[in-house]
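The data block below is start.cif; it holds mmCIF, C-alpha atoms and all ligand atoms.
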```cif
data_run
loop_
_atom_site.label_atom_id
_atom_site.label_comp_id
_atom_site.auth_asym_id
_atom_site.auth_seq_id
_atom_site.Cartn_x
_atom_site.Cartn_y
_atom_site.Cartn_z
CA ILE O 1 0.00 0.00 0.00
CA CYS O 2 1.43 3.30 -1.08
CA SER O 3 1.53 6.79 0.41
CA GLN O 4 1.47 6.32 4.16
CA THR O 5 1.73 9.65 5.93
CA SER O 6 2.59 10.00 9.57
CA GLN O 7 0.10 11.48 11.99
CA ALA O 8 2.06 14.74 12.12
CA GLN O 9 1.92 15.28 8.35
CA ARG O 10 -1.81 14.82 8.15
CA PRO O 11 -3.84 17.89 7.26
CA LYS O 12 -6.31 19.28 9.81
CA PRO O 13 -9.92 18.50 8.91
CA ASN O 14 -11.89 21.36 7.45
CA TYR O 15 -15.16 22.16 9.22
CA ASP O 16 -15.73 25.51 7.54
CA GLU O 17 -18.39 25.45 4.82
CA ALA O 18 -16.80 28.53 3.23
CA LYS O 19 -13.61 26.55 2.65
CA VAL O 20 -15.26 23.69 0.79
CA PRO O 21 -13.61 23.76 -2.64
CA LYS O 22 -15.59 24.42 -5.81
CA PHE O 23 -16.12 21.17 -7.66
CA GLU O 24 -18.03 19.60 -10.48
CA LEU O 25 -19.55 16.17 -9.91
CA PRO O 26 -19.44 13.46 -12.56
CA ASP O 27 -22.95 12.99 -13.98
CA PRO O 28 -24.47 9.59 -13.23
CA LEU O 29 -26.59 10.01 -16.35
CA VAL O 30 -23.83 10.63 -18.90
CA THR O 31 -21.96 7.60 -20.27
CA ALA O 32 -18.17 7.36 -20.48
CA ASP O 33 -18.37 8.28 -24.15
CA GLY O 34 -20.53 11.32 -23.46
CA LYS O 35 -24.02 10.03 -24.24
CA GLN O 36 -26.97 11.34 -22.23
CA VAL O 37 -28.74 8.47 -20.47
CA ASP O 38 -32.38 9.21 -21.25
CA SER O 39 -33.93 5.77 -20.90
CA ALA O 40 -34.07 3.07 -18.27
CA GLU O 41 -32.71 0.69 -20.89
CA LEU O 42 -29.57 2.76 -21.42
CA TRP O 43 -29.10 2.96 -17.65
CA TRP O 44 -29.35 -0.80 -17.13
CA LYS O 45 -27.41 -1.82 -20.25
CA VAL O 46 -24.64 0.75 -20.38
CA ARG O 47 -24.32 3.29 -17.62
CA ARG O 48 -25.02 1.21 -14.53
CA PRO O 49 -22.43 -1.45 -15.44
CA GLU O 50 -19.94 1.35 -16.15
CA VAL O 51 -20.49 2.99 -12.76
CA LEU O 52 -20.42 -0.32 -10.91
CA HIS O 53 -17.15 -1.22 -12.60
CA LEU O 54 -15.61 2.13 -11.61
CA PHE O 55 -16.48 1.58 -7.94
CA GLU O 56 -15.03 -1.91 -8.16
CA SER O 57 -11.77 -0.95 -9.78
CA GLU O 58 -11.11 2.50 -8.29
CA VAL O 59 -12.75 2.56 -4.84
CA TYR O 60 -13.57 -0.68 -3.01
CA GLY O 61 -12.02 -3.38 -5.20
CA LYS O 62 -13.60 -6.28 -7.03
CA SER O 63 -14.78 -9.31 -5.07
CA PRO O 64 -14.85 -12.95 -6.20
CA ALA O 65 -18.04 -14.81 -7.05
CA ALA O 66 -19.84 -16.77 -4.33
CA PRO O 67 -18.15 -20.03 -3.35
CA GLN O 68 -19.67 -23.16 -4.85
CA ASP O 69 -20.22 -25.19 -1.74
CA MET O 70 -20.81 -23.25 1.45
CA LEU O 71 -21.93 -25.14 4.51
CA PHE O 72 -24.73 -23.74 6.71
CA GLU O 73 -25.06 -25.23 10.18
CA VAL O 74 -27.86 -24.25 12.57
CA THR O 75 -26.11 -24.43 15.95
CA SER O 76 -28.96 -23.35 18.25
CA VAL O 77 -32.68 -22.64 18.18
CA LYS O 78 -34.63 -21.12 21.05
CA ASN O 79 -38.36 -20.81 20.50
CA ASP O 80 -39.04 -18.65 23.55
CA ALA O 81 -36.34 -16.01 23.38
CA LEU O 82 -36.92 -12.47 24.68
CA GLY O 83 -39.52 -13.65 27.16
CA GLY O 84 -41.40 -15.59 24.52
CA LYS O 85 -41.80 -12.95 21.83
CA ALA O 86 -38.98 -14.17 19.59
CA ILE O 87 -37.51 -17.23 17.97
CA ARG O 88 -33.74 -17.05 18.19
CA LYS O 89 -31.37 -18.99 15.99
CA GLU O 90 -27.64 -19.15 15.55
CA VAL O 91 -26.26 -20.31 12.22
CA SER O 92 -22.64 -20.87 11.24
CA VAL O 93 -21.62 -20.28 7.65
CA TYR O 94 -18.49 -22.16 6.57
CA PHE O 95 -17.21 -20.49 3.42
CA SER O 96 -15.05 -23.39 2.23
CA GLY O 97 -17.83 -25.93 2.68
CA LYS O 98 -15.82 -27.67 5.41
CA LYS O 99 -16.01 -27.16 9.14
CA GLU O 100 -12.95 -24.97 9.30
CA GLU O 101 -12.06 -21.27 9.39
CA PRO O 102 -13.00 -18.79 8.06
CA ARG O 103 -16.45 -19.10 9.63
CA MET O 104 -19.17 -16.48 10.02
CA ASP O 105 -21.87 -16.75 12.68
CA LEU O 106 -25.38 -15.38 12.19
CA LEU O 107 -27.57 -14.44 15.15
CA ILE O 108 -31.20 -14.32 14.08
CA TYR O 109 -34.23 -13.04 15.96
CA LEU O 110 -37.69 -13.54 14.43
CA PRO O 111 -41.14 -12.59 15.73
CA ALA O 112 -42.52 -15.74 17.41
CA LYS O 113 -46.08 -14.97 16.40
CA ALA O 114 -45.35 -14.68 12.66
CA THR O 115 -47.55 -16.86 10.49
CA LYS O 116 -45.60 -16.33 7.28
CA PRO O 117 -42.00 -15.60 6.24
CA VAL O 118 -40.94 -12.26 7.75
CA PRO O 119 -39.00 -9.28 6.39
CA VAL O 120 -35.71 -8.75 8.21
CA PHE O 121 -33.09 -6.14 8.91
CA MET O 122 -29.57 -7.44 8.50
CA GLY O 123 -26.53 -5.68 9.88
CA LEU O 124 -22.89 -6.15 10.71
CA ASN O 125 -21.64 -5.26 14.19
CA PHE O 126 -18.26 -4.20 15.60
CA TYR O 127 -17.67 -6.56 18.57
CA GLY O 128 -19.64 -9.77 18.13
CA ASN O 129 -23.27 -10.86 18.06
CA HIS O 130 -23.31 -11.35 21.83
CA THR O 131 -22.80 -7.57 22.22
CA ILE O 132 -26.15 -6.68 20.64
CA THR O 133 -28.30 -8.58 23.13
CA GLU O 134 -28.70 -8.91 26.90
CA GLU O 135 -29.49 -12.62 26.51
CA LYS O 136 -26.69 -14.49 28.23
CA ASP O 137 -26.89 -17.77 26.32
CA VAL O 138 -25.88 -16.37 22.94
CA LYS O 139 -22.51 -17.71 21.82
CA LEU O 140 -19.57 -15.51 22.79
CA ASN O 141 -17.62 -14.59 19.66
CA ASP O 142 -14.25 -16.35 19.41
CA HIS O 143 -12.53 -14.28 16.72
CA TRP O 144 -10.02 -11.39 16.77
CA MET O 145 -11.38 -7.93 17.70
CA ARG O 146 -10.07 -4.40 17.83
CA ALA O 147 -8.92 -3.33 21.29
CA ASN O 148 -11.72 -1.75 23.35
CA LYS O 149 -11.64 -1.99 27.15
CA ASP O 150 -15.04 -0.30 27.54
CA LYS O 151 -16.62 -3.01 25.42
CA GLY O 152 -14.95 -5.80 27.41
CA ILE O 153 -12.39 -6.77 24.77
CA VAL O 154 -9.21 -8.17 26.34
CA ASP O 155 -6.18 -9.21 24.28
CA HIS O 156 -8.27 -8.79 21.15
CA ARG O 157 -10.87 -11.33 22.31
CA ALA O 158 -14.39 -10.88 23.66
CA THR O 159 -14.97 -11.58 27.36
CA GLU O 160 -18.20 -12.14 29.30
CA LYS O 161 -18.09 -8.46 30.17
CA SER O 162 -18.74 -7.62 26.53
CA ARG O 163 -22.23 -9.17 26.52
CA GLY O 164 -24.81 -6.54 25.66
CA ALA O 165 -22.14 -3.85 25.30
CA SER O 166 -23.69 -2.57 22.04
CA ALA O 167 -27.32 -3.38 22.85
CA SER O 168 -28.39 0.28 22.74
CA ARG O 169 -27.72 0.27 19.00
CA TRP O 170 -29.98 -2.72 18.37
CA PRO O 171 -33.52 -2.30 19.78
CA ILE O 172 -34.34 -5.95 19.13
CA GLU O 173 -37.67 -5.98 20.97
CA LYS O 174 -38.94 -2.93 19.09
CA ILE O 175 -37.92 -4.51 15.80
CA ILE O 176 -39.70 -7.75 16.73
CA ASP O 177 -42.82 -5.88 17.96
CA ARG O 178 -43.06 -4.16 14.58
CA GLY O 179 -43.10 -7.54 12.81
CA TYR O 180 -39.52 -7.67 11.59
CA GLY O 181 -36.66 -10.04 12.19
CA LEU O 182 -33.05 -9.09 12.80
CA VAL O 183 -29.95 -10.84 11.47
CA ALA O 184 -26.65 -9.90 13.11
CA ILE O 185 -23.11 -10.73 12.03
CA TYR O 186 -19.75 -9.71 13.47
CA CYS O 187 -17.77 -8.03 10.67
CA GLY O 188 -14.50 -9.57 11.87
CA ASP O 189 -15.85 -13.07 11.23
CA ILE O 190 -15.57 -12.15 7.55
CA ASP O 191 -12.42 -10.06 7.72
CA PRO O 192 -10.67 -8.82 10.87
CA ASP O 193 -10.47 -5.02 10.84
CA TYR O 194 -6.74 -4.43 10.64
CA ASP O 195 -4.06 -4.18 8.02
CA ASP O 196 -2.50 -7.64 8.04
CA GLY O 197 -1.58 -7.80 4.36
CA PHE O 198 -4.78 -9.70 3.51
CA LYS O 199 -3.73 -12.94 5.16
CA ASN O 200 -6.68 -13.56 7.44
CA GLY O 201 -10.47 -13.79 7.29
CA ILE O 202 -11.97 -14.58 3.93
CA HIS O 203 -8.86 -13.24 2.19
CA ALA O 204 -7.02 -16.32 3.52
CA ILE O 205 -9.03 -18.48 1.12
CA TYR O 206 -8.79 -16.27 -1.94
CA ASN O 207 -5.49 -14.47 -1.45
CA ALA O 208 -3.31 -17.18 0.09
CA LYS O 209 -0.79 -17.02 -2.75
CA GLN O 210 -1.07 -13.43 -3.87
CA LYS O 211 -2.34 -10.32 -2.17
CA PRO O 212 -5.15 -8.50 -3.96
CA THR O 213 -4.13 -6.53 -7.06
CA PRO O 214 -4.77 -2.74 -6.93
CA ASP O 215 -8.30 -3.23 -8.26
CA GLU O 216 -9.22 -6.15 -6.02
CA TRP O 217 -11.14 -6.22 -2.76
CA GLY O 218 -10.14 -4.54 0.45
CA THR O 219 -11.90 -5.09 3.75
CA ILE O 220 -15.08 -3.12 2.97
CA SER O 221 -15.58 -5.23 -0.15
CA ALA O 222 -14.93 -8.37 1.88
CA TRP O 223 -17.54 -7.33 4.46
CA ALA O 224 -20.06 -6.54 1.71
CA TRP O 225 -19.33 -9.91 0.13
CA GLY O 226 -20.00 -11.56 3.49
CA LEU O 227 -23.38 -9.82 3.70
CA SER O 228 -24.28 -11.32 0.34
CA ARG O 229 -23.23 -14.77 1.60
CA ALA O 230 -25.48 -14.27 4.62
CA LEU O 231 -28.27 -13.47 2.18
CA ASP O 232 -27.46 -16.75 0.40
CA TYR O 233 -28.28 -18.46 3.68
CA LEU O 234 -31.45 -16.40 4.26
CA GLU O 235 -32.72 -17.60 0.88
CA THR O 236 -32.71 -21.13 2.30
CA ASP O 237 -34.52 -20.23 5.54
CA LYS O 238 -38.27 -20.73 5.22
CA GLN O 239 -39.09 -18.46 8.16
CA ILE O 240 -37.55 -15.45 6.37
CA ASP O 241 -38.81 -13.48 3.37
CA ALA O 242 -35.55 -13.13 1.46
CA ASN O 243 -37.21 -10.69 -0.94
CA LYS O 244 -37.57 -8.24 1.94
CA VAL O 245 -34.14 -7.91 3.43
CA ALA O 246 -33.06 -4.43 4.54
CA VAL O 247 -29.29 -4.15 4.92
CA MET O 248 -28.31 -1.63 7.59
CA GLY O 249 -24.93 -0.46 8.81
CA HIS O 250 -23.32 2.22 10.94
CA SER O 251 -20.18 4.16 10.11
CA ARG O 252 -17.57 1.90 8.45
CA LEU O 253 -20.31 -0.70 8.36
CA GLY O 254 -22.63 1.88 6.76
CA LYS O 255 -20.08 2.35 3.99
CA THR O 256 -20.33 -1.41 3.72
CA SER O 257 -24.13 -1.61 3.61
CA LEU O 258 -24.19 0.90 0.73
CA TRP O 259 -21.57 -1.06 -1.22
CA ALA O 260 -23.37 -4.35 -0.49
CA GLY O 261 -26.67 -2.89 -1.67
CA ALA O 262 -25.05 -1.36 -4.75
CA GLN O 263 -23.59 -4.67 -5.88
CA ASP O 264 -26.26 -7.14 -4.87
CA PRO O 265 -29.77 -6.29 -6.13
CA ARG O 266 -31.26 -8.93 -3.82
CA PHE O 267 -31.02 -6.40 -0.98
CA ALA O 268 -34.48 -4.85 -1.18
CA LEU O 269 -33.74 -1.80 0.99
CA VAL O 270 -30.48 -0.17 2.00
CA ILE O 271 -29.68 1.94 5.07
CA SER O 272 -26.55 3.95 5.79
CA ASN O 273 -26.22 5.32 9.32
CA ASP O 274 -23.53 8.02 9.71
CA SER O 275 -21.36 6.38 7.02
CA GLY O 276 -19.32 9.47 6.09
CA CYS O 277 -16.20 9.41 3.93
CA GLY O 278 -16.15 6.47 1.53
CA GLY O 279 -19.85 5.96 2.39
CA ALA O 280 -22.60 8.45 1.69
CA ALA O 281 -20.51 11.65 1.93
CA LEU O 282 -19.25 13.30 -1.27
CA SER O 283 -15.44 12.94 -1.44
CA ARG O 284 -15.02 16.17 -3.42
CA ARG O 285 -16.27 18.31 -0.54
CA ARG O 286 -13.23 17.45 1.58
CA PHE O 287 -15.24 18.32 4.68
CA GLY O 288 -14.32 16.41 7.85
CA GLU O 289 -12.63 13.14 6.96
CA THR O 290 -10.90 13.13 3.56
CA LEU O 291 -9.45 10.46 1.27
CA ASN O 292 -6.02 11.38 2.55
CA VAL O 293 -6.97 10.71 6.14
CA ILE O 294 -9.04 7.58 5.59
CA ASN O 295 -6.60 5.82 3.27
CA ASN O 296 -3.74 6.41 5.66
CA ALA O 297 -5.62 5.50 8.83
CA PHE O 298 -7.32 2.45 7.33
CA PRO O 299 -5.18 1.34 4.38
CA HIS O 300 -6.93 -2.04 4.21
CA TRP O 301 -10.50 -0.76 3.77
CA PHE O 302 -10.38 0.23 0.10
CA CYS O 303 -8.53 -1.09 -2.93
CA ASP O 304 -5.05 0.30 -3.59
CA ASN O 305 -6.23 2.23 -6.66
CA PHE O 306 -8.22 4.52 -4.34
CA ASN O 307 -4.91 6.00 -3.15
CA LYS O 308 -4.48 7.61 -6.59
CA TYR O 309 -7.14 10.14 -5.67
CA ILE O 310 -5.69 11.34 -2.37
CA ASP O 311 -5.79 15.15 -2.60
CA LYS O 312 -6.92 14.68 -6.21
CA GLU O 313 -10.61 14.07 -5.61
CA ASN O 314 -11.50 15.88 -8.83
CA LYS O 315 -9.79 13.13 -10.80
CA LEU O 316 -12.14 10.48 -9.39
CA PRO O 317 -14.36 9.20 -12.22
CA VAL O 318 -17.15 8.79 -9.64
CA ASP O 319 -18.32 10.37 -6.43
CA GLN O 320 -20.44 8.85 -3.69
CA HIS O 321 -23.80 10.04 -5.12
CA MET O 322 -23.13 7.51 -7.86
CA LEU O 323 -22.82 4.75 -5.27
CA ILE O 324 -26.34 5.61 -4.17
CA SER O 325 -27.51 5.70 -7.78
CA LEU O 326 -26.44 2.05 -8.12
CA ILE O 327 -29.09 1.13 -5.56
CA ALA O 328 -31.90 2.66 -7.68
CA PRO O 329 -34.79 2.06 -7.92
CA ARG O 330 -34.70 0.25 -4.56
CA PRO O 331 -35.46 2.31 -1.44
CA VAL O 332 -32.38 3.83 0.18
CA TYR O 333 -32.10 5.74 3.47
CA VAL O 334 -29.16 7.88 4.53
CA ALA O 335 -28.92 9.20 8.09
CA SER O 336 -26.59 11.78 9.59
CA ALA O 337 -26.05 13.18 13.08
CA GLU O 338 -25.69 16.89 13.71
CA ASP O 339 -22.54 16.63 15.84
CA ASP O 340 -20.93 14.05 13.55
CA ARG O 341 -19.15 16.61 11.40
CA TRP O 342 -16.34 14.14 10.75
CA ALA O 343 -18.84 12.28 8.52
CA ASP O 344 -20.03 15.48 6.78
CA PRO O 345 -23.84 15.49 7.15
CA LYS O 346 -24.27 17.93 4.27
CA GLY O 347 -22.14 15.80 1.98
CA GLU O 348 -24.29 12.81 2.93
CA PHE O 349 -27.47 14.74 2.13
CA LEU O 350 -26.09 15.94 -1.22
CA SER O 351 -25.25 12.40 -2.31
CA VAL O 352 -28.90 11.45 -1.97
CA LYS O 353 -29.99 14.59 -3.78
CA TYR O 354 -27.58 14.12 -6.69
CA ALA O 355 -28.55 10.45 -7.08
CA GLU O 356 -32.20 11.45 -7.43
CA PRO O 357 -32.15 11.88 -11.25
CA VAL O 358 -31.46 8.14 -11.57
CA TYR O 359 -34.37 7.32 -9.23
CA GLU O 360 -36.57 9.61 -11.32
CA LEU O 361 -35.45 8.09 -14.59
CA LEU O 362 -36.45 4.69 -13.20
CA GLY O 363 -39.92 6.00 -12.36
CA THR O 364 -39.83 6.25 -8.56
CA SER O 365 -40.97 9.06 -6.28
CA GLY O 366 -37.33 10.04 -5.84
CA PHE O 367 -36.31 12.31 -3.00
CA GLY O 368 -38.01 15.65 -3.45
CA ALA O 369 -35.79 17.69 -1.13
CA LYS O 370 -33.71 20.49 -2.57
CA GLU O 371 -32.38 21.83 0.73
CA MET O 372 -31.19 20.05 3.81
CA PRO O 373 -34.08 19.48 6.20
CA LYS O 374 -34.00 20.84 9.76
CA VAL O 375 -32.73 18.49 12.46
CA ASN O 376 -35.00 15.61 13.42
CA GLN O 377 -37.24 16.15 10.37
CA PRO O 378 -36.96 13.03 8.26
CA ILE O 379 -37.68 12.99 4.54
CA GLN O 380 -39.14 9.70 3.39
CA LYS O 381 -40.00 8.98 -0.22
CA GLN O 382 -38.26 6.32 -2.31
CA MET O 383 -35.12 7.91 -0.92
CA GLY O 384 -34.95 8.86 2.74
CA TYR O 385 -32.76 11.17 4.79
CA HIS O 386 -32.55 12.68 8.23
CA MET O 387 -30.08 14.54 10.36
CA ARG O 388 -30.87 13.94 14.00
CA THR O 389 -29.47 15.83 16.95
CA GLY O 390 -26.57 14.21 18.76
CA LYS O 391 -23.36 12.41 18.04
CA HIS O 392 -21.98 9.60 15.88
CA ASP O 393 -24.07 6.63 17.03
CA VAL O 394 -27.19 4.60 16.29
CA THR O 395 -30.15 5.69 18.41
CA ASP O 396 -33.81 4.82 18.88
CA PHE O 397 -34.67 7.87 16.77
CA ASP O 398 -32.69 6.40 13.87
CA TRP O 399 -34.42 3.02 14.22
CA GLN O 400 -37.84 4.65 14.46
CA GLN O 401 -37.25 6.11 11.00
CA TYR O 402 -35.88 2.87 9.54
CA LEU O 403 -38.90 0.93 10.80
CA ASP O 404 -41.32 3.52 9.39
CA PHE O 405 -39.45 3.53 6.08
CA ALA O 406 -39.51 -0.28 5.92
CA ASP O 407 -43.26 -0.27 6.71
CA THR O 408 -43.87 2.00 3.72
CA HIS O 409 -41.82 -0.06 1.32
CA PHE O 410 -42.36 -3.58 2.62
CA LYS O 411 -45.92 -3.38 3.91
CA GLY O 412 -47.27 -0.58 1.76
CA SER O 413 -48.46 1.52 4.69
C1 LIG T 501 -13.35 6.37 12.03
C2 LIG T 501 -13.21 6.55 10.54
C3 LIG T 501 -14.56 6.66 9.85
C4 LIG T 501 -15.46 5.53 10.27
C5 LIG T 501 -15.53 5.44 11.77
C6 LIG T 501 -16.32 4.25 12.30
O1 LIG T 501 -13.84 7.54 12.60
O2 LIG T 501 -12.42 7.68 10.30
O3 LIG T 501 -14.41 6.65 8.45
O4 LIG T 501 -16.72 5.67 9.69
O5 LIG T 501 -14.23 5.31 12.30
O6 LIG T 501 -16.46 3.25 11.64
O7 LIG T 501 -16.76 4.34 13.46
#
```

Translate this file's structure into structure tokens.
Amino acid sequence: ICSQTSQAQRPKPNYDEAKVPKFELPDPLVTADGKQVDSAELWWKVRRPEVLHLFESEVYGKSPAAPQDMLFEVTSVKNDALGGKAIRKEVSVYFSGKKEEPRMDLLIYLPAKATKPVPVFMGLNFYGNHTITEEKDVKLNDHWMRANKDKGIVDHRATEKSRGASASRWPIEKIIDRGYGLVAIYCGDIDPDYDDGFKNGIHAIYNAKQKPTPDEWGTISAWAWGLSRALDYLETDKQIDANKVAVMGHSRLGKTSLWAGAQDPRFALVISNDSGCGGAALSRRRFGETLNVINNAFPHWFCDNFNKYIDKENKLPVDQHMLISLIAPRPVYVASAEDDRWADPKGEFLSVKYAEPVYELLGTSGFGAKEMPKVNQPIQKQMGYHMRTGKHDVTDFDWQQYLDFADTHFKGS
């Protein structure tokens, strides 16, 4: 990985709107050879594949196809979880088809009273599935984790103390009460979140002999790939409506949910919570976190080609509004937090706005907002957005909006 800069050399983040540089965004509706995309057919046949390819080769890196013979093993079922209101299952996914690493564990909660397959939210988490719930009999994750004493991580492993440590971000009972299921996965089961030269996680299977080329997958692509493999499992589970899976992620995992939804049209609804740079925020604004900062702090997240655009954002053939356009016409929701300036709320809003022409071309209700809404005033059409008060986090307010949005698109209310 090229161009590592030391902490001292790193530029200070800009938080002054007046200092945002002037820029011109690439047009999602003009093809590489300059043709205006004026029909859905031209979008699907020419422009969408072009844009998808650019994100693969220049931003996140291309991922391999699904493995031929994955093994799914249901390791526990509890029919009276959460005081009787939920069915809880744990499922291990063995990527190689054999009972060996790498292995990804799914924690699934479903409404016990459901009489037909249910729509679900699916999301990656930062410290293991046992951190999202207070239930003590969920398996404690056994894989490597980033250091975090507050979350009960000791020597890069989860301890009993970490149970429920992230439960505030996952209001499971509310989700169940509203008729949805929840599927949780620890991101590090797929690829541990550190720069190890692509030797561990899923990269160990595919990159044992050679590290990824500059246009091949980094960690965000690996995580997104893992989400699609989880969806492969959901398609086999008769209690789940695999046509109604909303993929949701926060921060680095929100960057991931957008990229997963962009690549895999089976995700019926896509939610980005405070995803920021390399997620929903426009790179060209250089507000808060920039490509320079992110590629140096997290060199393993993106493909190596992304380094070419450090301090040269105008040379990028895409910007993040085009990532959102790849999700069209499926419903997409982007959320920001007022105090999360690092993630550039305005840049996140603008990405939705500038992706709208694609949603309109494909005949949806689009977005409709020209200006940023006031805090805590969600916009919900085919595209959704809010900026809530508070910091970088996932709150009940955020979930309230996601559940309402899912009701509109999955239940037609
Ligand atoms: C860092 C990083 C962000 C990222 C965030 C997170 O702040 O700079 O890009 O979104 O971590 O994942 O919490």

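Closest approach to Ser228 in chain O among O:Thr256, O:Asn200, O:Ser272, O:Asn307: O:Thr256, based on all atoms listed in the file.
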
Produce a table with one row for each residue of chain O that has an atom at most 10 Å from any atom of ligand LIG 501 (chain T), each row naming the nearest atom pair and its distance in Å at one decimal; use only C-alpha atoms and all ligand atoms; arrange rows by chain and rising residue number; format as CSV.
```
residue,atom,partner,partner_atom,distance
O:Phe126,CA,T:LIG501,O6,8.6
O:Gly249,CA,T:LIG501,O6,9.7
O:His250,CA,T:LIG501,O6,7.0
O:Ser251,CA,T:LIG501,O4,3.8
O:Arg252,CA,T:LIG501,O6,3.6
O:Leu253,CA,T:LIG501,O6,6.4
O:Gly254,CA,T:LIG501,O4,7.6
O:Lys255,CA,T:LIG501,O4,7.4
O:Thr256,CA,T:LIG501,O4,9.9
O:Asn273,CA,T:LIG501,O4,9.5
O:Asp274,CA,T:LIG501,O4,7.2
O:Ser275,CA,T:LIG501,O4,5.4
O:Gly276,CA,T:LIG501,O4,5.8
O:Cys277,CA,T:LIG501,O3,5.6
O:Gly278,CA,T:LIG501,O3,7.1
O:Gly279,CA,T:LIG501,O4,7.9
O:Gly288,CA,T:LIG501,O2,9.3
O:Glu289,CA,T:LIG501,O2,6.4
O:Thr290,CA,T:LIG501,O2,8.8
O:Leu291,CA,T:LIG501,O3,9.5
O:Val293,CA,T:LIG501,O2,7.5
O:Ile294,CA,T:LIG501,O2,5.8
O:Asn295,CA,T:LIG501,O2,9.3
O:Asn296,CA,T:LIG501,O2,9.9
O:Ala297,CA,T:LIG501,O2,7.3
O:Phe298,CA,T:LIG501,C2,7.9
O:Trp301,CA,T:LIG501,O3,9.6
O:Asp340,CA,T:LIG501,O1,9.7
O:Trp342,CA,T:LIG501,O1,7.3
O:Ala343,CA,T:LIG501,O4,7.0
O:His392,CA,T:LIG501,O7,7.8
O:Asp393,CA,T:LIG501,O7,8.5
```

Would you save the residues of that selection, restricted to C-alpha atoms, as a short mmCIF file (atom, residue, chain, number, x, y, z; two decimals), in the frame of the given file?
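Listed below is the output, result.cif:
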```cif
data_model
loop_
_atom_site.label_atom_id
_atom_site.label_comp_id
_atom_site.auth_asym_id
_atom_site.auth_seq_id
_atom_site.Cartn_x
_atom_site.Cartn_y
_atom_site.Cartn_z
CA PHE O 126 -18.26 -4.20 15.60
CA GLY O 249 -24.93 -0.46 8.81
CA HIS O 250 -23.32 2.22 10.94
CA SER O 251 -20.18 4.16 10.11
CA ARG O 252 -17.57 1.90 8.45
CA LEU O 253 -20.31 -0.70 8.36
CA GLY O 254 -22.63 1.88 6.76
CA LYS O 255 -20.08 2.35 3.99
CA THR O 256 -20.33 -1.41 3.72
CA ASN O 273 -26.22 5.32 9.32
CA ASP O 274 -23.53 8.02 9.71
CA SER O 275 -21.36 6.38 7.02
CA GLY O 276 -19.32 9.47 6.09
CA CYS O 277 -16.20 9.41 3.93
CA GLY O 278 -16.15 6.47 1.53
CA GLY O 279 -19.85 5.96 2.39
CA GLY O 288 -14.32 16.41 7.85
CA GLU O 289 -12.63 13.14 6.96
CA THR O 290 -10.90 13.13 3.56
CA LEU O 291 -9.45 10.46 1.27
CA VAL O 293 -6.97 10.71 6.14
CA ILE O 294 -9.04 7.58 5.59
CA ASN O 295 -6.60 5.82 3.27
CA ASN O 296 -3.74 6.41 5.66
CA ALA O 297 -5.62 5.50 8.83
CA PHE O 298 -7.32 2.45 7.33
CA TRP O 301 -10.50 -0.76 3.77
CA ASP O 340 -20.93 14.05 13.55
CA TRP O 342 -16.34 14.14 10.75
CA ALA O 343 -18.84 12.28 8.52
CA HIS O 392 -21.98 9.60 15.88
CA ASP O 393 -24.07 6.63 17.03
#
```

Excluding Lys136 in chain O and residues on its chain fewer than 2 positions from it, collect all residues at most 12 Å away from it, counting all atoms listed in the file, and give them as an mmCIF file with C-alpha atoms, in the coordinates of the input.
```
data_model
loop_
_atom_site.group_PDB
_atom_site.id
_atom_site.type_symbol
_atom_site.label_atom_id
_atom_site.label_comp_id
_atom_site.auth_asym_id
_atom_site.auth_seq_id
_atom_site.Cartn_x
_atom_site.Cartn_y
_atom_site.Cartn_z
ATOM 1 C CA ALA O 81 -36.340 -16.010 23.380
ATOM 2 C CA LEU O 82 -36.920 -12.470 24.680
ATOM 3 C CA ASN O 129 -23.270 -10.860 18.060
ATOM 4 C CA HIS O 130 -23.310 -11.350 21.830
ATOM 5 C CA THR O 131 -22.800 -7.570 22.220
ATOM 6 C CA ILE O 132 -26.150 -6.680 20.640
ATOM 7 C CA THR O 133 -28.300 -8.580 23.130
ATOM 8 C CA GLU O 134 -28.700 -8.910 26.900
ATOM 9 C CA VAL O 138 -25.880 -16.370 22.940
ATOM 10 C CA LYS O 139 -22.510 -17.710 21.820
ATOM 11 C CA LEU O 140 -19.570 -15.510 22.790
ATOM 12 C CA GLU O 160 -18.200 -12.140 29.300
ATOM 13 C CA LYS O 161 -18.090 -8.460 30.170
ATOM 14 C CA SER O 162 -18.740 -7.620 26.530
ATOM 15 C CA ARG O 163 -22.230 -9.170 26.520
ATOM 16 C CA GLY O 164 -24.810 -6.540 25.660
ATOM 17 C CA ALA O 165 -22.140 -3.850 25.300
#
```

Judged by all atoms listed in the file, the minimum distance to Asp191 in chain O among O:Phe121, O:Trp217, O:Trp43, O:Tyr233 is found for O:Trp217

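Comparing the minimum interatomic distances between Phe349 in chain O and each of O:Phe405, O:Tyr309, O:Phe367, O:Phe23, counting all atoms listed in the file, we find that O:Phe367 sits nearest.
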
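With all atoms listed in the file as the atoms that count, the minimum distance from Tyr206 in chain O to the choices O:Val394, O:Lys89, O:Glu371, O:Phe95 is reached by O:Phe95.
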
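Each of O:Ile176, O:Val332, O:Ala369, O:Leu124 was compared to Ile220 in chain O using only C-alpha atoms, and O:Leu124 turns out to be the nearest.
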
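Atom pair CA of Lys199 in chain O / CA of Ala262 in chain O has a distance of 26.2 Å (rounded to one decimal).
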
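Each of O:Tyr402, O:His53, O:Pro317, O:Gly384 was compared to Asp27 in chain O using all atoms listed in the file, and O:Pro317 turns out to be the nearest.
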
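Relative to CA of Thr364 in chain O, CA of Ala268 in chain O is found at 14.4 Å.
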